[in-house]
Amino acid sequence: MSPTENPVTSAEAPARPRRRLRSRRPLITAAALAVVVAAALAVTVATRDDPGPAARGAAASGPVAGGTLRFAVAGTQVTLDPAVAATAVTGLIDRNIFDSLVAQTAPDRFEPWLASKWTVSEDGRTYTFTLREGVTFHDGTPLTAEAVKATLDHVVDPKTKSAYAASLIAPYEKATVLGDLEVEVRLKRPFTPFLQALSVPYLGIQSPAALAKPAGQYVPVGTGPFAYVSWEKDRRVTLKRNPAYSSPPAGAAHRGPAHLDGLVFEFVSEDATRYGALTSGQVDGIAGVPPVNAKALQSLPGFTLTAQETPGLNYNLYFNQTRGPLRDVRVRRALSASVNVPQLIQNIYFGHYKAARNPLSATTAAYDASAEQALASYDLDEAERLLDEAGWNETGPDGYRVKDGKTLTLTWPYWAEGNKEQRDVLAEGIQAQAKLAGIKIERPTVDTGTFVEKHLIGGGYDLVDVSFARPTPDVLRFAFASGNTYAKAGGNVALVDSEEIDRWVEEAAATSDPETARRDYANVQREVLEQAYVLPLYTPVQLTGFSTAVRDVAFDAQTYPVFHGAWLKRA
Amino acid sequence: MARRAARRIGLILFVLWGAATLAFAGLRLVPGDPARIIAGGVQASASPAVLDAIRAEYGLDRPWPVQYLIFMGRLLRADLGASYQLNRPVAEVIGEQLGATLALAAGAVAGGLALAVALAVLTAGRPRARALARALEFCAISTPAFWTGILLLAVFSFHLHWFPVLGEGGVRALVLPWLTLTLSIAGVLAQVTREGMERALDQPFTLTARSRGAGENRVRLRHALRHAALPLLTLSGWVLGELLGGVVVVEAVFARQGLGQVIVTAVAGRDFPVVTGVVVLAALTFALISAALDVLYRAVDPRLRRAAT
């Protein structure tokens, strides 16, 4: 609010004497100034002295039925069909509408949900599910084997244009109805992560009657604790309690229908607005508390902040090992050793995010803490030594290392649209530290199309950063198997091409022996750090804020809030 | 008269054709495979089979000229097609969101005009009041709508609880968005209007009016303002452009639904039919407004009427 200097100095008034008004002018000026100052003051205190219900520490009493919980989410969505959508917000909303066949209750534990039991054949290719009895969809259709088949067929149908769900069950071949409540799923190859895939909302079981309607008239109809009421585009999705709900997952603290009468998801994409809506009591909770506000919210009476570390792949920097200087493992390890990741993370995120030392998040099954011994962690002398050894032993006039007349330059495209959590600032820190070792990192800004075509598919990059949340160690196959390059809808952006890694991840995905899988995944974690295909940066954290009136919200394996057992404590 | 009307209509059609063609070309010149973007963007993990299905369904696998002819053929039949992302007719998508945006834009224009005229009438030719008004106007012009919106929200919604940011809509939820857009429009309009008025106040006819005994208010409102109205009308085109941009920002800051959000989502997701639909609608609005202005010019300035006949 400072560009006032122009108008004040440009008082080149043509001294036209006019009567009236003169005596009142100082008053007007003073009043105007007062308004501006008052507004500025109000803003600075706005976030501090909200009265709030101050209900923290109130006597514990049982859940109260009724009320509508309003939850603000970031981002927008183009469909509510979980089989189609790839957006996280759709998964978050749909989790309350749809139940899944199985529930993930721990990093490597799956328990009954809509399927009361299941068996896996010897060859690992046939899963037979027995469904829970007496469950009905919101539209009255009973849950049968037919519904499971319809859901899975709908997901893999190319006409559905699934952006995410279909990739989770890529080995799916067909489903066969064996009886009213018995369905057999046949896979093209053994695939252990199948159960985990089935547990996510994107593969929630849908009413076959609803799926039979044309795509334009799609409405989400599941068996979940809340039923769909309306979707006002870019504004809100309204759900109401499903009074007949009887199918919570194994281990749920609350068994019957939801306590809440209604659940409203408000789309508020602007961080400051969403945060303000929570602190001013206009919503009861928000997803994605901006990290800069996290501390303030924690100390604000009447509000709680929960932090959930996301499972899956950390926010990592991948080194394209097929191109330029990074073909040499010594250069990759040197780059890795030139960056003091813990210091950068501490300085930028003030302890809200943890620095990572493994490509996998610690909350993922088969996470192997000992793998970090293979990481080329911060050691500038070692970085210098490795670069010398690799032949980059001359130094150019600008301080960067030179070999055969070429400067040690790496390209790290900056896709601004995907920037979040101050990742651009972190990148600047990495740039600055790599420079100390004589490595030049360039960050051309690119639009989405160029990023995808030229860089991700065309391979025109040396470094690329990405995180990928999914609670299964199978993400290692997604990220490092040679067949899973981005062009083939995978996440192998380091373009790793290692027979050993391929064998490990394939075996781990196919084996029914947990010990073998664990060993294989541990090997992968060690190997990718040893080879410095990846530099782990930090574990993303879901920061969720609630008013203290909101009680008993749980979080599922994917860190989505679960509102089934939630209730509102009236002030 | 009839000839002029025919020319007008011809011109409007030409503008529409130009806008639609530019939208078509622009969307195809943007780098990147549209099928992949439609399938969910960078994070999407759609299989090649799905991408092929998308290309075939929307004819993206055909040569450009063929795509263009099909596109134009549809447009001639006033068929905007169906949204790729929403699986619904474009007309329906736009129609559903148009009301919210119209309410926002209409209020902002009315507010901006009223504020600008009031400021100009009160401060024209009064050096100190003018200096203060100009300072505030420059503030309003140079503050991005995004920032104005956040400030207004922080004070009047989050702190004072006077206006909701969410809620059932209605007029109360519209006040702050209106104010945000009003301020950015009024800043420029007030300056132009005041300049026009000061020029008019310096004209001999003002002296004549005064010498006939006209009071200050009468001179300003009846004589000077009318002269200042011409440049004000000319700026309406600019106002429309400002609104189009402002609506996108304001809708995001205030978590409102509307065309701004529709177009942002559609451009990001390469939803060609929706983007084209909004562009054609904007071009049509623009053409209609400039046609209406032509008529208004004549109403305001009798000289134009005489020159035309």
# chains A, B, ... in the order shown; residues from 1 in each chain; ligands from 1
>>> closest_atom_pairs(of="chain B", to="chain A", cutoff="6 Å", atoms="only C-alpha atoms", output="Markdown table")
| residue | atom | partner | partner_atom | distance |
| --- | --- | --- | --- | --- |
| B:Pro31 | CA | A:Gly449 | CA | 4.7 |
| B:Gly32 | CA | A:Gly449 | CA | 3.6 |
| B:Ala39 | CA | A:Ala163 | CA | 5.5 |
| B:Gly40 | CA | A:Ala163 | CA | 5.8 |
| B:Ala44 | CA | A:Ala163 | CA | 5.1 |
| B:Ser45 | CA | A:Ala489 | CA | 4.6 |
| B:Ala46 | CA | A:Ala163 | CA | 4.8 |
| B:Val50 | CA | A:Pro158 | CA | 5.0 |
| B:Asn87 | CA | A:Gly216 | CA | 4.8 |
| B:Arg88 | CA | A:Gly216 | CA | 5.5 |
| B:Pro127 | CA | A:Ala13 | CA | 5.7 |
| B:Ala135 | CA | A:Pro7 | CA | 4.9 |
| B:Ala154 | CA | A:Val43 | CA | 5.8 |
| B:Val155 | CA | A:Val43 | CA | 5.7 |
| B:Phe158 | CA | A:Ser280 | CA | 4.9 |
| B:His159 | CA | A:Ala46 | CA | 5.0 |
| B:Val253 | CA | A:Glu270 | CA | 5.6 |
| B:Ala255 | CA | A:Val268 | CA | 4.9 |
| B:Gln257 | CA | A:Asp234 | CA | 5.2 |
>>> residues_around(residues="range 105-109 of chain A", least_positions_apart="4", cutoff="8 Å", atoms="only C-alpha atoms", output="PyMOL selection string")
chain A and resi 251+363-365+471-472+556-557
>>> select_by_dssp(residues="range 43-200 of chain A", states="strand (DSSP E or B)", output="number ranges by chain")
A: 68-73, 102-106, 109-112, 115-120, 126-131, 136, 142, 172-179, 182-187
>>> closest_residue(among="B:Phe286, B:Phe156, B:Phe163, B:Tyr297", to="Leu16 in chain B", atoms="only C-alpha atoms")
B:Phe286
>>> closest_residue(among="B:Ile185, B:Leu233, B:Val300, B:Leu22", to="Cys139 in chain B", atoms="only C-alpha atoms")
B:Ile185
>>> atom_distance(atom1="CA of Pro413 in chain A", atom2="CA of Arg323 in chain A")
14.6 Å
>>> atom_distance(atom1="CA of Glu499 in chain A", atom2="CA of Ser482 in chain A")
8.1 Å
>>> select_by_dssp(residues="range 295-521 of chain A", states="helix (DSSP H, G or I)", output="MDAnalysis selection string")
chainID A and resid 295:298 324:327 329:338 341:349 369:374 380:389 416:418 423:436 448:457 475:480 486:488 499:510 514:521
>>> write_last_selection(atoms="C-alpha atoms", output="CSV table (one decimal), in the first residue's frame")
chain,number,residue,atom,x,y,z
A,295,LYS,CA,2.2,-22.1,13.9
A,296,ALA,CA,-0.4,-19.3,14.3
A,297,LEU,CA,-3.2,-21.8,14.2
A,298,GLN,CA,-1.6,-24.0,16.8
A,324,GLY,CA,24.9,-35.4,-19.9
A,325,PRO,CA,27.2,-35.3,-16.8
A,326,LEU,CA,24.7,-37.2,-14.7
A,327,ARG,CA,25.4,-40.4,-16.6
A,329,VAL,CA,27.4,-41.9,-10.9
A,330,ARG,CA,30.3,-39.9,-9.3
A,331,VAL,CA,28.7,-36.7,-10.6
A,332,ARG,CA,25.3,-37.8,-9.2
A,333,ARG,CA,26.8,-38.6,-5.8
A,334,ALA,CA,28.7,-35.3,-5.9
A,335,LEU,CA,25.5,-33.4,-6.5
A,336,SER,CA,23.8,-35.2,-3.7
A,337,ALA,CA,26.7,-34.5,-1.4
A,338,SER,CA,26.8,-30.9,-2.2
A,341,VAL,CA,19.1,-30.9,2.8
A,342,PRO,CA,18.4,-30.9,6.6
A,343,GLN,CA,19.6,-27.3,6.9
A,344,LEU,CA,17.5,-26.1,4.0
A,345,ILE,CA,14.4,-27.8,5.2
A,346,GLN,CA,14.8,-26.5,8.7
A,347,ASN,CA,15.4,-22.9,7.4
A,348,ILE,CA,12.4,-22.9,5.0
A,349,TYR,CA,9.8,-24.9,6.9
A,369,ALA,CA,15.6,-46.9,7.8
A,370,SER,CA,19.0,-48.5,7.2
A,371,ALA,CA,18.9,-47.7,3.5
A,372,GLU,CA,20.0,-44.1,4.3
A,373,GLN,CA,23.5,-45.3,4.9
A,374,ALA,CA,23.8,-45.5,1.1
A,380,LEU,CA,31.3,-30.7,0.4
A,381,ASP,CA,34.8,-32.0,0.4
A,382,GLU,CA,33.6,-35.4,-0.8
A,383,ALA,CA,31.6,-33.7,-3.5
A,384,GLU,CA,34.7,-31.8,-4.7
A,385,ARG,CA,36.7,-34.9,-4.6
A,386,LEU,CA,34.2,-36.9,-6.7
A,387,LEU,CA,33.9,-34.1,-9.2
A,388,ASP,CA,37.7,-34.0,-9.5
A,389,GLU,CA,37.8,-37.7,-10.0
A,416,ALA,CA,5.2,-22.9,-12.0
A,417,GLU,CA,1.7,-24.2,-12.0
A,418,GLY,CA,2.7,-27.2,-10.0
A,423,ARG,CA,9.3,-25.6,-3.3
A,424,ASP,CA,10.6,-22.8,-5.6
A,425,VAL,CA,12.5,-21.4,-2.6
A,426,LEU,CA,13.9,-24.8,-1.7
A,427,ALA,CA,15.1,-25.1,-5.3
A,428,GLU,CA,16.9,-21.8,-5.0
A,429,GLY,CA,18.7,-23.1,-1.9
A,430,ILE,CA,19.7,-26.2,-3.7
A,431,GLN,CA,20.9,-24.1,-6.7
A,432,ALA,CA,23.0,-22.0,-4.3
A,433,GLN,CA,24.6,-24.9,-2.5
A,434,ALA,CA,25.3,-26.8,-5.7
A,435,LYS,CA,27.1,-23.7,-6.9
A,436,LEU,CA,29.5,-23.9,-4.0
A,448,THR,CA,2.3,-27.3,-18.6
A,449,GLY,CA,2.5,-28.3,-22.3
A,450,THR,CA,6.2,-27.8,-22.7
A,451,PHE,CA,6.9,-29.5,-19.3
A,452,VAL,CA,5.0,-32.6,-20.4
A,453,GLU,CA,6.1,-32.8,-24.1
A,454,LYS,CA,9.7,-31.5,-24.1
A,455,HIS,CA,10.8,-32.4,-20.6
A,456,LEU,CA,8.8,-35.3,-19.1
A,457,ILE,CA,8.2,-37.2,-22.3
A,475,VAL,CA,5.3,-46.8,-5.5
A,476,LEU,CA,9.0,-47.9,-5.8
A,477,ARG,CA,8.0,-49.9,-8.9
A,478,PHE,CA,6.1,-46.8,-10.2
A,479,ALA,CA,9.1,-44.6,-9.7
A,480,PHE,CA,12.1,-46.8,-10.6
A,486,TYR,CA,6.5,-41.0,-17.8
A,487,ALA,CA,5.7,-41.6,-21.4
A,488,LYS,CA,4.3,-44.9,-20.3
A,499,GLU,CA,17.7,-55.1,-14.5
A,500,GLU,CA,18.3,-55.6,-10.9
A,501,ILE,CA,15.8,-53.0,-9.7
A,502,ASP,CA,13.2,-54.3,-12.2
A,503,ARG,CA,13.6,-57.8,-10.9
A,504,TRP,CA,13.2,-56.7,-7.3
A,505,VAL,CA,10.1,-54.6,-7.8
A,506,GLU,CA,8.5,-57.2,-10.1
A,507,GLU,CA,9.2,-59.9,-7.6
A,508,ALA,CA,7.9,-57.9,-4.7
A,509,ALA,CA,4.7,-57.1,-6.5
A,510,ALA,CA,4.1,-60.7,-7.5
A,514,PRO,CA,5.9,-60.7,2.8
A,515,GLU,CA,9.5,-61.3,3.8
A,516,THR,CA,10.6,-61.6,0.2
A,517,ALA,CA,8.8,-58.4,-0.6
A,518,ARG,CA,10.3,-56.6,2.3
A,519,ARG,CA,13.8,-57.7,1.3
A,520,ASP,CA,13.3,-56.7,-2.3
A,521,TYR,CA,12.0,-53.2,-1.4
>>> residues_around(residues="range 400-410 of chain A", least_positions_apart="3", cutoff="6 Å", atoms="only C-alpha atoms", output="list of chain:residue names")
A:Trp392, A:Glu394, A:Thr395, A:Gly396, A:Gly438, A:Ile439, A:Lys440, A:Ile441, A:Asp462
>>> residues_around(residues="Phe563 in chain A", least_positions_apart="6", cutoff="8 Å", atoms="only C-alpha atoms", output="count of residues only")
4
